[in-house]
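Chemist: Take a look at structure_31.txt, compact mmCIF, C-alpha atoms:
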# COMPACT_ATOMS: atom_id res chain seq x y z
CA MET A 133 84.63 86.79 137.50
CA ASN A 134 83.30 83.33 136.98
CA MET A 135 81.81 83.22 133.52
CA THR A 136 79.80 80.51 131.87
CA ASP A 137 80.93 79.49 128.39
CA ASP A 138 77.99 81.39 126.89
CA GLU A 139 79.00 84.53 128.76
CA LEU A 140 82.61 84.02 127.73
CA LEU A 141 81.71 83.53 124.07
CA GLY A 142 79.38 86.51 124.24
CA ALA A 143 82.09 88.69 125.74
CA TYR A 144 84.42 87.50 122.99
CA THR A 145 82.00 88.47 120.21
CA ASP A 146 81.36 91.80 121.92
CA GLY A 147 85.06 92.61 122.20
CA GLU A 148 84.95 92.56 125.98
CA LEU A 149 87.80 90.10 126.61
CA SER A 150 91.37 91.13 127.24
CA PRO A 151 93.90 89.97 124.59
CA ASP A 152 95.09 87.27 126.97
CA GLU A 153 91.60 85.98 127.68
CA ALA A 154 90.79 86.05 123.98
CA ALA A 155 93.93 84.06 123.16
CA VAL A 156 93.03 81.37 125.69
CA LEU A 157 89.53 81.11 124.27
CA GLU A 158 90.81 80.94 120.68
CA GLN A 159 92.96 77.96 121.62
CA ARG A 160 89.91 76.21 123.06
CA LEU A 161 87.86 77.08 119.98
CA ALA A 162 90.46 75.56 117.69
CA ALA A 163 90.26 72.30 119.62
CA ASP A 164 86.49 72.15 120.21
CA ALA A 165 84.15 72.08 117.21
CA ASP A 166 81.05 72.28 119.44
CA LEU A 167 82.33 75.42 121.10
CA GLN A 168 83.08 76.91 117.67
CA ALA A 169 79.54 76.05 116.53
CA ARG A 170 78.16 77.75 119.61
CA LEU A 171 80.20 80.83 118.82
CA ASP A 172 78.86 80.90 115.25
CA ALA A 173 75.33 80.65 116.60
CA LEU A 174 75.97 83.54 119.00
CA LEU A 175 77.26 85.67 116.15
CA ALA A 176 74.09 84.88 114.22
CA THR A 177 71.98 86.20 117.10
CA ASN A 178 73.59 89.63 116.68
CA ASP A 179 72.41 89.68 113.11
CA VAL A 180 68.90 88.60 114.11
CA SER A 181 68.83 91.28 116.84
CA ARG A 182 69.70 94.01 114.40
CA ARG A 183 66.98 92.85 112.06
CA LEU A 184 64.45 92.76 114.86
CA PHE A 185 65.11 96.35 115.73
CA ALA A 186 65.29 97.40 112.09
CA GLU A 187 61.53 96.86 112.24
CA VAL A 188 61.33 99.83 114.58
CA ASP A 189 63.40 102.03 112.28
CA ALA A 190 61.17 101.08 109.36
CA GLN A 191 58.21 102.89 110.91
CA PRO A 192 58.10 106.68 110.49
CA MET A 193 59.10 108.71 113.52
CA PRO A 194 55.99 110.08 115.27
CA GLU A 195 55.45 113.65 114.20
CA ALA A 196 54.35 114.76 117.64
CA VAL A 197 57.80 113.91 118.94
CA LEU A 198 59.63 115.69 116.14
CA ASN A 199 57.42 118.75 116.53
CA MET A 200 58.26 119.01 120.19
CA LEU A 201 61.94 119.24 119.36
CA GLN A 202 61.68 121.47 116.32
CA GLU A 203 59.92 124.29 118.10
CA GLU A 204 61.43 127.72 118.03
CA PRO A 205 63.39 128.23 121.23
CA ALA A 206 61.37 129.90 123.93
CA LYS A 207 62.30 133.50 124.58
CA PRO A 208 64.56 133.53 127.60
CA ASP A 209 63.69 137.09 128.55
CA ASN A 210 60.25 138.02 129.75
CA VAL A 211 60.83 136.17 133.00
CA VAL A 212 58.69 137.20 135.89
CA PRO A 213 60.82 137.53 139.00
CA PHE A 214 59.61 136.37 142.37
CA LEU A 215 57.40 139.01 143.79
CA LYS A 216 58.44 140.78 146.89
CA LEU A 217 55.53 141.58 149.03
CA GLY A 218 54.52 142.72 152.40
CA ALA A 219 52.10 140.93 154.62
CA GLY A 220 48.67 140.30 153.23
CA ARG A 221 47.49 139.81 149.72
CA LEU A 222 49.97 139.09 147.05
CA PHE A 223 48.71 141.32 144.30
CA ASN A 224 46.65 143.70 146.39
CA VAL A 225 44.05 144.22 143.71
CA PRO A 226 41.51 146.73 144.96
CA VAL A 227 38.12 145.26 144.31
CA ALA A 228 36.69 148.24 142.47
CA ILE A 229 39.63 148.47 140.11
CA ALA A 230 39.60 144.75 139.61
CA ALA A 231 36.02 144.91 138.51
CA SER A 232 36.55 147.74 136.08
CA VAL A 233 39.75 146.37 134.61
CA ALA A 234 38.10 143.04 134.16
CA LEU A 235 35.58 144.71 131.92
CA VAL A 236 38.27 146.21 129.72
CA VAL A 237 40.76 143.41 129.44
CA SER A 238 39.41 140.80 127.16
CA PHE A 239 39.94 137.71 129.21
CA LEU A 240 37.37 135.05 129.20
CA VAL A 241 36.84 132.58 131.90
CA VAL A 242 37.15 129.54 129.79
CA ASP A 243 34.16 127.70 128.52
CA MET A 244 34.88 124.02 128.31
CA SER A 245 32.61 123.51 125.35
CA ARG A 246 34.48 125.83 123.02
CA GLN A 247 37.67 123.84 122.72
CA ALA A 248 38.96 123.20 119.24
CA SER A 249 39.30 119.63 118.06
CA GLY A 250 42.63 118.12 117.11
CA PRO A 251 45.61 117.16 119.22
CA VAL A 252 45.26 118.08 122.85
CA SER A 253 47.22 121.24 123.44
CA SER A 254 48.38 122.33 126.84
CA MET A 255 45.94 125.21 126.65
CA GLU A 256 43.11 122.77 126.15
CA ALA A 257 44.53 120.57 128.86
CA LEU A 258 44.17 123.49 131.26
CA SER A 259 40.45 123.58 130.76
CA ALA A 260 40.14 120.11 132.20
CA LYS A 261 39.69 120.19 135.94
CA SER A 262 42.66 117.93 136.47
CA ILE A 263 45.88 118.04 134.42
CA ALA A 264 46.72 114.63 132.96
CA ALA A 265 49.66 113.03 134.72
CA ASP A 266 51.51 112.24 131.51
CA SER A 267 51.08 115.63 129.87
CA ALA A 268 53.81 118.12 129.09
CA LEU A 269 51.99 120.55 131.32
CA HIS A 270 52.12 118.14 134.24
CA TYR A 271 55.87 117.74 133.82
CA MET A 272 56.31 121.48 133.56
CA LEU A 273 54.53 121.94 136.89
CA GLU A 274 56.33 119.01 138.47
CA ASP A 275 59.86 119.70 137.33
CA THR A 276 60.43 123.30 136.38
CA ASN A 277 61.47 126.21 138.54
CA SER A 278 59.45 129.36 138.18
CA GLY A 279 60.70 131.75 135.55
CA HIS A 280 61.99 129.08 133.18
CA SER A 281 60.01 128.79 130.02
CA VAL A 282 59.63 125.35 128.51
CA ASP A 283 58.53 124.01 125.18
CA LEU A 284 55.25 122.16 125.59
CA GLY A 285 54.89 120.90 122.03
CA ASN A 286 52.00 121.88 119.76
CA ASP A 287 53.69 125.25 119.18
CA GLU A 288 53.16 126.17 122.80
CA THR A 289 55.50 127.35 125.47
CA GLY A 290 54.74 127.51 129.14
CA GLU A 291 56.18 128.78 132.33
CA ALA A 292 55.47 128.50 136.01
CA VAL A 293 55.31 132.02 137.39
CA LEU A 294 55.33 131.41 141.11
CA SER A 295 54.65 128.75 143.70
CA PHE A 296 52.97 128.98 147.07
CA THR A 297 51.19 127.02 149.74
CA ASP A 298 47.49 127.74 149.87
CA VAL A 299 45.35 128.25 152.95
CA SER A 300 44.42 124.56 153.04
CA GLY A 301 48.07 123.50 152.87
CA ARG A 302 48.30 122.45 149.23
CA TYR A 303 51.10 123.47 146.93
CA CYS A 304 49.86 125.73 144.16
CA ARG A 305 51.52 127.29 141.16
CA GLN A 306 50.57 130.19 139.01
CA LEU A 307 51.43 129.48 135.40
CA ARG A 308 51.00 130.68 131.89
CA VAL A 309 50.88 128.92 128.55
CA GLY A 310 51.01 130.60 125.19
CA ASN A 311 51.15 130.01 121.50
CA THR A 312 51.51 132.47 118.65
CA GLN A 313 47.86 133.45 118.87
CA SER A 314 46.76 133.26 122.41
CA ALA A 315 47.80 133.03 126.02
CA ALA A 316 46.33 131.38 129.07
CA HIS A 317 47.02 132.14 132.70
CA ALA A 318 46.06 129.73 135.42
CA VAL A 319 46.50 128.65 138.97
CA ALA A 320 46.86 124.93 139.65
CA CYS A 321 47.09 123.21 143.02
CA ARG A 322 48.50 119.82 143.61
CA GLY A 323 46.35 117.03 144.94
CA ASN A 324 47.87 113.70 145.92
CA SER A 325 49.26 113.09 142.48
CA ALA A 326 47.72 115.43 139.95
CA TRP A 327 47.49 119.18 139.51
CA GLN A 328 43.97 120.62 139.72
CA VAL A 329 43.18 123.78 137.82
CA GLU A 330 41.75 126.30 140.29
CA ALA A 331 41.48 129.35 138.09
CA LEU A 332 41.92 129.96 134.41
CA ALA A 333 41.85 132.98 132.14
CA ILE A 334 42.43 132.81 128.42
CA ALA A 335 43.17 135.86 126.33
CA ASP A 336 40.62 135.90 123.57
CA PRO A 337 42.23 136.73 120.24
CA ALA A 338 38.81 137.41 118.72
CA ALA A 339 38.17 140.31 121.08
CA GLY A 340 40.38 142.98 119.72
CA GLY A 341 43.92 141.74 119.29
CA GLN A 342 45.06 142.51 122.79
CA PHE A 343 46.29 139.03 123.42
CA GLN A 344 49.96 139.64 122.80
CA GLN A 345 50.15 142.24 125.46
CA ALA A 346 47.88 140.21 127.63
CA GLY A 347 50.23 137.26 127.20
CA SER A 348 52.72 138.74 129.59
CA ALA A 349 50.44 140.64 131.97
CA THR A 350 48.68 138.68 134.67
CA PRO A 351 44.92 138.91 134.33
CA VAL A 352 43.02 140.29 137.26
CA ALA A 353 41.00 137.11 137.59
CA ILE A 354 44.20 135.19 138.23
CA MET A 355 45.59 137.74 140.66
CA THR A 356 42.36 137.59 142.57
CA ALA A 357 42.46 133.81 142.63
CA VAL A 358 46.03 133.78 143.92
CA ASP A 359 45.14 136.30 146.58
CA ALA A 360 42.23 134.17 147.73
CA LEU A 361 44.29 130.98 147.84
CA ILE A 362 47.46 132.28 149.39
CA GLY A 363 45.82 134.05 152.32
CA ALA A 364 48.44 135.79 154.42
CA ALA A 365 51.31 133.55 153.31
CA GLU A 366 54.17 134.39 150.98
CA PRO A 367 55.18 132.60 147.79
CA LEU A 368 57.93 130.01 148.02
CA ASP A 369 61.39 131.40 147.49
CA THR A 370 63.78 129.76 145.03
CA GLU A 371 65.22 127.37 147.60
CA GLN A 372 61.84 126.33 148.95
CA GLU A 373 60.63 125.77 145.43
CA LYS A 374 63.61 123.61 144.53
CA GLN A 375 62.99 121.60 147.65
CA ALA A 376 59.33 121.10 146.73
CA ILE A 377 60.32 119.97 143.21
CA SER A 378 62.83 117.47 144.50
CA ASN A 379 60.20 116.10 146.89
CA SER A 380 57.81 115.80 143.93
CA TRP A 381 55.55 118.32 145.68
CA LYS A 382 54.79 115.89 148.46
CA LYS A 383 54.15 117.47 151.81
CA SER A 384 56.58 116.12 154.36
CA GLU A 385 54.49 114.93 157.22
CA MET B 1430 68.64 126.39 131.71
CA ASP B 1431 66.14 126.77 128.91
CA ARG B 1432 68.61 128.32 126.51
CA LYS B 1433 71.04 125.44 126.77
CA LEU B 1434 68.13 123.09 126.49
CA ASN B 1435 66.98 124.54 123.21
CA ASN B 1436 70.50 124.39 121.83
CA ARG B 1437 70.51 120.72 122.63
CA ASN B 1438 67.27 119.90 120.86
CA GLN B 1439 69.20 118.97 117.74
CA GLU B 1440 71.35 116.59 119.74
CA ILE B 1441 68.21 114.89 120.97
CA ILE B 1442 66.81 114.71 117.44
CA ASP B 1443 70.04 113.02 116.35
CA VAL B 1444 69.62 110.23 118.86
CA LEU B 1445 65.83 109.82 118.53
CA PRO B 1446 66.10 106.56 116.53
CA ASN B 1447 68.38 105.14 119.22
CA ILE B 1448 66.00 106.14 122.01
CA ARG B 1449 63.12 104.69 120.05
CA ARG B 1450 64.80 101.33 119.52
CA PHE B 1451 65.65 101.19 123.18
CA ALA B 1452 62.08 102.13 124.09
CA ALA B 1453 60.87 99.31 121.86
CA SER B 1454 63.21 96.90 123.60
CA LEU B 1455 61.62 97.86 126.91
CA THR B 1456 57.99 97.83 125.82
CA GLY B 1457 58.16 95.04 123.28
CA ASN B 1458 55.77 96.81 120.95
CA LEU B 1459 55.93 99.88 118.80
CA ALA B 1460 52.78 101.67 119.96
CA ASP B 1461 53.91 101.70 123.58
CA ALA B 1462 57.46 102.44 122.44
CA ASP B 1463 56.29 105.61 120.69
CA ASP B 1464 54.32 106.70 123.75
CA LEU B 1465 57.38 106.10 125.86
CA LEU B 1466 59.54 108.00 123.37
CA GLN B 1467 57.18 110.96 123.60
CA SER B 1468 57.19 110.94 127.40
CA THR B 1469 60.96 110.72 127.33
CA VAL B 1470 61.30 113.74 125.07
CA GLU B 1471 58.77 115.68 127.16
CA ARG B 1472 60.74 114.90 130.27
CA LEU B 1473 64.02 115.84 128.61
CA LEU B 1474 62.57 119.16 127.50
CA ALA B 1475 61.07 119.87 130.90
CA ARG B 1476 64.13 118.95 132.91
CA GLY B 1477 66.87 119.72 130.47
CA LEU B 1478 70.19 118.05 130.00
CA ALA B 1479 73.18 118.77 132.17
CA ASP B 1480 76.04 120.38 130.26
CA ASP B 1481 78.63 117.77 130.89
CA VAL B 1482 76.75 114.57 130.14
CA ALA B 1483 76.81 112.36 127.07
CA VAL B 1484 73.42 112.85 125.46
CA LEU B 1485 72.44 109.32 124.50
CA PRO B 1486 73.13 107.47 127.77
CA TRP B 1487 71.35 110.27 129.62
CA CYS B 1488 68.32 109.99 127.34
CA LEU B 1489 68.25 106.23 127.68
CA ARG B 1490 68.33 106.44 131.45
CA VAL B 1491 65.44 108.91 131.44
CA CYS B 1492 63.56 106.57 129.10
CA ARG B 1493 64.18 103.57 131.30
CA ASN B 1494 63.15 105.38 134.47
CA LEU B 1495 59.91 106.49 132.86
CA TRP B 1496 59.24 102.93 131.78
CA ILE B 1497 59.80 101.69 135.31
CA ASP B 1498 57.33 104.33 136.54
CA GLU B 1499 54.87 103.23 133.89
CA LEU B 1500 55.20 99.57 134.87
CA ARG B 1501 54.65 100.51 138.47
CA SER B 1502 51.52 102.49 137.70
CA ARG B 1503 50.24 99.71 135.44
CA LYS B 1504 50.67 97.34 138.32
CA VAL B 1505 48.74 99.74 140.51
CA ARG B 1506 45.99 99.95 137.94
CA SER B 1507 46.03 96.13 137.71
CA ASP B 1508 46.17 96.61 134.01
CA ALA B 1509 47.31 93.08 133.36
CA ALA B 1510 44.60 92.16 130.94
CA ARG B 1511 46.24 93.65 127.90
CA GLU B 1512 48.65 91.47 126.01
CA PRO B 1513 50.99 93.87 124.28
CA ALA B 1514 51.35 93.53 120.56
CA VAL B 1515 54.93 93.06 119.57
CA ILE B 1516 57.24 95.08 117.35
CA GLY B 1517 56.42 94.69 113.71
CA GLU B 1518 52.72 94.33 114.20
CA GLN B 1519 52.06 97.44 112.20
CA VAL B 1520 53.87 96.22 109.12
CA VAL B 1521 51.48 96.25 106.19
CA GLU B 1522 49.81 92.92 105.69
CA GLY B 1523 50.92 90.90 102.74
CA GLU B 1524 54.38 92.34 102.90
CA ASP B 1525 56.53 89.29 102.99
CA GLN B 1526 58.86 90.26 105.81
CA VAL B 1527 61.33 87.57 106.59
CA LEU B 1528 64.10 87.98 109.09
CA GLY B 1529 66.73 85.57 107.99
CA GLU B 1530 64.92 82.29 108.19
CA MET B 1531 62.18 83.71 110.39
CA THR B 1532 58.77 85.03 109.53
CA LEU B 1533 57.50 88.17 111.16
CA ALA B 1534 55.12 86.18 113.31
CA GLU B 1535 58.04 84.17 114.58
CA VAL B 1536 59.99 87.31 115.34
CA GLN B 1537 57.09 88.57 117.42
CA GLU B 1538 56.96 85.28 119.22
CA VAL B 1539 60.68 85.43 119.97
CA LEU B 1540 60.44 88.95 121.36
CA ARG B 1541 57.48 87.96 123.48
CA SER B 1542 59.46 85.09 124.92
CA MET B 1543 62.17 87.42 126.21
CA SER B 1544 61.90 89.47 129.36
CA ASP B 1545 62.12 93.29 129.17
CA ASP B 1546 65.52 93.07 130.79
CA GLN B 1547 66.81 90.65 128.20
CA ARG B 1548 65.50 92.68 125.28
CA ALA B 1549 66.96 95.90 126.67
CA VAL B 1550 70.45 94.53 127.16
CA LEU B 1551 70.40 92.83 123.77
CA GLU B 1552 69.38 96.07 122.11
CA LEU B 1553 72.07 98.11 123.84
CA VAL B 1554 74.94 95.71 123.17
CA ALA B 1555 74.06 93.91 119.94
CA VAL B 1556 72.25 96.76 118.17
CA GLU B 1557 73.65 100.00 119.64
CA GLY B 1558 77.14 98.56 120.11
CA TYR B 1559 77.43 99.63 123.73
CA SER B 1560 80.21 98.18 125.85
CA TYR B 1561 79.09 96.11 128.84
CA LYS B 1562 80.16 98.93 131.11
CA GLU B 1563 78.09 101.50 129.22
CA ALA B 1564 75.08 99.19 129.15
CA ALA B 1565 75.49 98.61 132.88
CA GLN B 1566 75.43 102.36 133.46
CA VAL B 1567 72.27 102.85 131.44
CA LEU B 1568 70.50 99.93 133.09
CA GLU B 1569 71.96 100.68 136.51
CA VAL B 1570 73.01 97.11 137.13
CA PRO B 1571 76.44 95.50 137.66
CA VAL B 1572 78.47 94.46 134.59
CA GLY B 1573 78.08 90.82 135.62
CA THR B 1574 74.32 91.18 135.38
CA VAL B 1575 74.64 92.62 131.88
CA MET B 1576 76.71 89.63 130.90
CA SER B 1577 74.36 87.03 132.31
CA ARG B 1578 71.20 88.70 130.93
CA LEU B 1579 72.84 88.97 127.55
CA ALA B 1580 73.75 85.30 127.56
CA ARG B 1581 70.17 84.39 128.46
CA ALA B 1582 68.78 86.69 125.79
CA ARG B 1583 71.01 85.15 123.16
CA THR B 1584 70.17 81.63 124.25
CA THR B 1585 66.48 82.46 123.96
CA LEU B 1586 67.06 83.97 120.56
CA MET B 1587 68.99 80.93 119.36
CA GLU B 1588 66.45 78.49 120.61
CA ARG B 1589 63.46 80.39 119.33
CA SER B 1590 64.91 81.31 115.98
CA GLY B 1591 66.22 77.86 115.20
CA ILE B 1592 69.81 78.96 114.89
CA ALA B 1593 72.05 75.90 114.72
CA GLY B 1594 74.24 75.15 117.69
CA ALA B 1595 71.51 76.01 120.19
CA ARG B 1596 72.58 73.53 122.78
CA SER B 1597 73.83 74.83 126.08
CA ALA B 1598 77.57 75.36 125.96
Once you've parsed the file, please lay out its structure as structure tokens.
Modeler:
Amino acid sequence: MNMTDDELLGAYTDGELSPDEAAVLEQRLAADADLQARLDALLATNDVSRRLFAEVDAQPMPEAVLNMLQEEPAKPDNVVPFLKLGAGRLFNVPVAIAASVALVVSFLVVDMSRQASGPVSSMEALSAKSIAADSALHYMLEDTNSGHSVDLGNDETGEAVLSFTDVSGRYCRQLRVGNTQSAAHAVACRGNSAWQVEALAIADPAAGGQFQQAGSATPVAIMTAVDALIGAAEPLDTEQEKQAISNSWKKSE
Amino acid sequence: MDRKLNNRNQEIIDVLPNIRRFAASLTGNLADADDLLQSTVERLLARGLADDVAVLPWCLRVCRNLWIDELRSRKVRSDAAREPAVIGEQVVEGEDQVLGEMTLAEVQEVLRSMSDDQRAVLELVAVEGYSYKEAAQVLEVPVGTVMSRLARARTTLMERSGIAGARSA
């Protein structure tokens, strides 16, 4: 390799020269005061560099980042397997039962105005029509196979439940997000770059403490939404889903 | 995958300061660096770490790839108007921060005068103590490129910080 003197001196200070190369350079340094001065200056830049970046260390680590990593591990059980189904609707919810169950189970179709203030949680993010492209939820939908729960920060965990292609050809995913108090189930479909929330049901902790149970059961509203979107198709199997993830959910046309 | 992932959270926490410094070398300012750090951690948690990889280089590569994506989308958004504030901007006013002979304002000026590439390689080698080969792997460039960028970064630093001997060797 043909090195300039600066590169050579740099490699020397960084311990990147072989003993032979270093010995040759040391002979030159002994005979050349200018070269030695240049070496001293290079060594000084290392010190300046470390001080520059010490500025970064001097600022407290953002709590949001630490919180994400200090979450309790998500429970690895409670994984919903891919559903095996015959032709037709995925959940096969009879309309009459759906209506009556919907009255009993305390799920609310979310009201955008009743979101709490404070840091944007993934549950709040779901109530926006479009999921922000830099959110934890977006990355969960983009990158995670169904049945793997992920830590979303803000004391929340989430999981994609299944993936499918809807009647208009979009990729969609059923998902759920939960924290210690509440759980949300949703269906999101992917536009050109962002995931759009198509259906959302949030277990209401104020309505009788059924949310924990509700956290794992799919609300009727969501089953109905999936049925309407999927038409006669079947959900993606594991391989198809992996393929979609590695293509960043782009349709190959 | 999620179980392994959670077991590795502590490993990520251990290298957070390193990821953050590297992020700052890419962005040139702390606010963007912390956003990038957060995205990096989110991505690491969502995707997980392979079992057989060294944690830090993996994290740094994820960080760098996210930054490249961010630069691309900024370009798309034509978001060129904003001049990023440089590392150290948030230091409390009146605090007499001097880096060697340099004032904080001068430090900011020096960092601004370097390209992202130069700052990143300088951070990896001079601050993190990476070998050229390791830095090349993180930055996904040949070792020769690491060497030449590093030399340019150091020359810039010498010239801008008034270190003696700043003639071209």
Chemist: Just to confirm, what's the straight-line distance from atom CA of A:Ala173 to atom CA of B:Phe1451 in Å (one decimal)?
Modeler: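 Taking atom CA of A:Ala173 as the start and atom CA of B:Phe1451 as the end point, the length is 23.6 Å.
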Chemist: When you draw a straight line from atom CA of A:Glu139 to atom CA of B:Val1444, how long is it in Å?
Modeler: 29.1 Å
Chemist: Suppose you want the space between atom CA of A:Ala353 and atom CA of A:Ala333; what is it in Å?
Modeler: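 Between these atoms lies a distance of 6.9 Å.
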Chemist: Counting all atoms listed in the file, figure out which residue out of B:Thr1584, B:Asn1494, B:Thr1456, B:Ser1544 gets nearest to chain A.
Modeler: B:Thr1584
Chemist: Can you tell me which residues surround A:Gln372 at a distance of at most 10 Å, considering all atoms listed in the file, apart from same-chain residues fewer than 6 positions away, and format the answer as a list in words?
Modeler: Ser295, Phe296 and Ser378 of chain A
Chemist: Determine, counting all atoms listed in the file, which protein, DNA and RNA residues have an atom within 9 Å of an atom of B:Val1572; residues of the same chain fewer than 5 positions away are not included. Present the result as a tab-separated table (two decimals) with C-alpha atoms, in the frame of the given file.
Modeler:
chain	number	residue	atom	x	y	z
B	1561	TYR	CA	79.09	96.11	128.84
B	1562	LYS	CA	80.16	98.93	131.11
B	1563	GLU	CA	78.09	101.50	129.22
B	1564	ALA	CA	75.08	99.19	129.15
B	1565	ALA	CA	75.49	98.61	132.88
B	1566	GLN	CA	75.43	102.36	133.46
B	1577	SER	CA	74.36	87.03	132.31
Chemist: Please, which residues of chain A lie no more than 7 Å from chain B when the count uses only C-alpha atoms, and can they be set out as number ranges by chain?
Modeler: A: 137-139, 142, 167, 169-170, 173-174, 177-178, 180-183, 185, 187-189, 197, 201, 205, 208, 268, 271-272, 275-276, 280-283
Chemist: So which residues are close to (49.0, 118.1, 135.9), meaning at most 9 Å away in the file's coordinates with all atoms listed in the file counted, and can you show them as an MDAnalysis selection string?
Modeler: chainID A and resid 257:258 262:274 320:322 325:329
Chemist: So that I have them on file, write out the residues from the current selection with C-alpha atoms, as an mmCIF file, in the coordinates of the input.
Modeler:
data_model
loop_
_atom_site.group_PDB
_atom_site.id
_atom_site.type_symbol
_atom_site.label_atom_id
_atom_site.label_comp_id
_atom_site.auth_asym_id
_atom_site.auth_seq_id
_atom_site.Cartn_x
_atom_site.Cartn_y
_atom_site.Cartn_z
ATOM 1 C CA ALA A 257 44.530 120.570 128.860
ATOM 2 C CA LEU A 258 44.170 123.490 131.260
ATOM 3 C CA SER A 262 42.660 117.930 136.470
ATOM 4 C CA ILE A 263 45.880 118.040 134.420
ATOM 5 C CA ALA A 264 46.720 114.630 132.960
ATOM 6 C CA ALA A 265 49.660 113.030 134.720
ATOM 7 C CA ASP A 266 51.510 112.240 131.510
ATOM 8 C CA SER A 267 51.080 115.630 129.870
ATOM 9 C CA ALA A 268 53.810 118.120 129.090
ATOM 10 C CA LEU A 269 51.990 120.550 131.320
ATOM 11 C CA HIS A 270 52.120 118.140 134.240
ATOM 12 C CA TYR A 271 55.870 117.740 133.820
ATOM 13 C CA MET A 272 56.310 121.480 133.560
ATOM 14 C CA LEU A 273 54.530 121.940 136.890
ATOM 15 C CA GLU A 274 56.330 119.010 138.470
ATOM 16 C CA ALA A 320 46.860 124.930 139.650
ATOM 17 C CA CYS A 321 47.090 123.210 143.020
ATOM 18 C CA ARG A 322 48.500 119.820 143.610
ATOM 19 C CA SER A 325 49.260 113.090 142.480
ATOM 20 C CA ALA A 326 47.720 115.430 139.950
ATOM 21 C CA TRP A 327 47.490 119.180 139.510
ATOM 22 C CA GLN A 328 43.970 120.620 139.720
ATOM 23 C CA VAL A 329 43.180 123.780 137.820
#
Chemist: Using only C-alpha atoms, can you tell me which of A:Leu368, A:Leu141, A:Val319, A:Leu157 comes closest to A:Ile354?
Modeler: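 Nearest candidate to A:Ile354 out of A:Leu368, A:Leu141, A:Val319, A:Leu157: A:Val319.
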Chemist: Return the single residue from B:Leu1500, B:Met1543, B:Leu1489, B:Val1482 that is closest to B:Glu1569, with distances computed using all atoms listed in the file.
Modeler: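 Using all atoms listed in the file, the shortest distance to B:Glu1569 belongs to B:Leu1489.
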Chemist: Provide stretch 280-284 of chain A of the preceding structure as a file containing all heavy atoms, as a PDB file, in the first residue's frame.
Modeler:
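Output below, filename out26.pdb:
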ATOM      1  N   HIS A 280     -43.694 -13.060  17.904  1.00  0.00           N
ATOM      2  CA  HIS A 280     -42.536 -12.667  18.702  1.00  0.00           C
ATOM      3  C   HIS A 280     -42.846 -11.353  19.404  1.00  0.00           C
ATOM      4  O   HIS A 280     -43.043 -10.341  18.749  1.00  0.00           O
ATOM      5  CB  HIS A 280     -41.309 -12.467  17.820  1.00  0.00           C
ATOM      6  CG  HIS A 280     -40.786 -13.754  17.268  1.00  0.00           C
ATOM      7  ND1 HIS A 280     -39.960 -14.582  17.989  1.00  0.00           N
ATOM      8  CD2 HIS A 280     -41.005 -14.361  16.078  1.00  0.00           C
ATOM      9  CE1 HIS A 280     -39.681 -15.644  17.262  1.00  0.00           C
ATOM     10  NE2 HIS A 280     -40.307 -15.544  16.102  1.00  0.00           N
ATOM     11  N   SER A 281     -42.867 -11.384  20.710  1.00  0.00           N
ATOM     12  CA  SER A 281     -43.197 -10.143  21.376  1.00  0.00           C
ATOM     13  C   SER A 281     -41.950  -9.285  21.497  1.00  0.00           C
ATOM     14  O   SER A 281     -40.834  -9.778  21.627  1.00  0.00           O
ATOM     15  CB  SER A 281     -43.873 -10.418  22.717  1.00  0.00           C
ATOM     16  OG  SER A 281     -42.921 -10.462  23.721  1.00  0.00           O
ATOM     17  N   VAL A 282     -42.155  -7.973  21.368  1.00  0.00           N
ATOM     18  CA  VAL A 282     -41.033  -7.046  21.426  1.00  0.00           C
ATOM     19  C   VAL A 282     -41.334  -5.941  22.447  1.00  0.00           C
ATOM     20  O   VAL A 282     -42.481  -5.632  22.720  1.00  0.00           O
ATOM     21  CB  VAL A 282     -40.733  -6.387  20.053  1.00  0.00           C
ATOM     22  CG1 VAL A 282     -40.288  -7.387  19.046  1.00  0.00           C
ATOM     23  CG2 VAL A 282     -41.938  -5.610  19.547  1.00  0.00           C
ATOM     24  N   ASP A 283     -40.251  -5.415  22.953  1.00  0.00           N
ATOM     25  CA  ASP A 283     -40.343  -4.327  23.912  1.00  0.00           C
ATOM     26  C   ASP A 283     -40.462  -3.015  23.137  1.00  0.00           C
ATOM     27  O   ASP A 283     -39.608  -2.703  22.322  1.00  0.00           O
ATOM     28  CB  ASP A 283     -39.044  -4.361  24.716  1.00  0.00           C
ATOM     29  CG  ASP A 283     -39.054  -3.357  25.839  1.00  0.00           C
ATOM     30  OD1 ASP A 283     -39.832  -2.395  25.774  1.00  0.00           O
ATOM     31  OD2 ASP A 283     -38.277  -3.535  26.766  1.00  0.00           O
ATOM     32  N   LEU A 284     -41.524  -2.276  23.399  1.00  0.00           N
ATOM     33  CA  LEU A 284     -41.751  -1.045  22.622  1.00  0.00           C
ATOM     34  C   LEU A 284     -41.358   0.207  23.386  1.00  0.00           C
ATOM     35  O   LEU A 284     -41.545   1.323  22.909  1.00  0.00           O
ATOM     36  CB  LEU A 284     -43.235  -0.944  22.235  1.00  0.00           C
ATOM     37  CG  LEU A 284     -43.760  -2.023  21.294  1.00  0.00           C
ATOM     38  CD1 LEU A 284     -45.269  -1.972  21.221  1.00  0.00           C
ATOM     39  CD2 LEU A 284     -43.159  -1.879  19.902  1.00  0.00           C
TER      40      LEU A 284
END
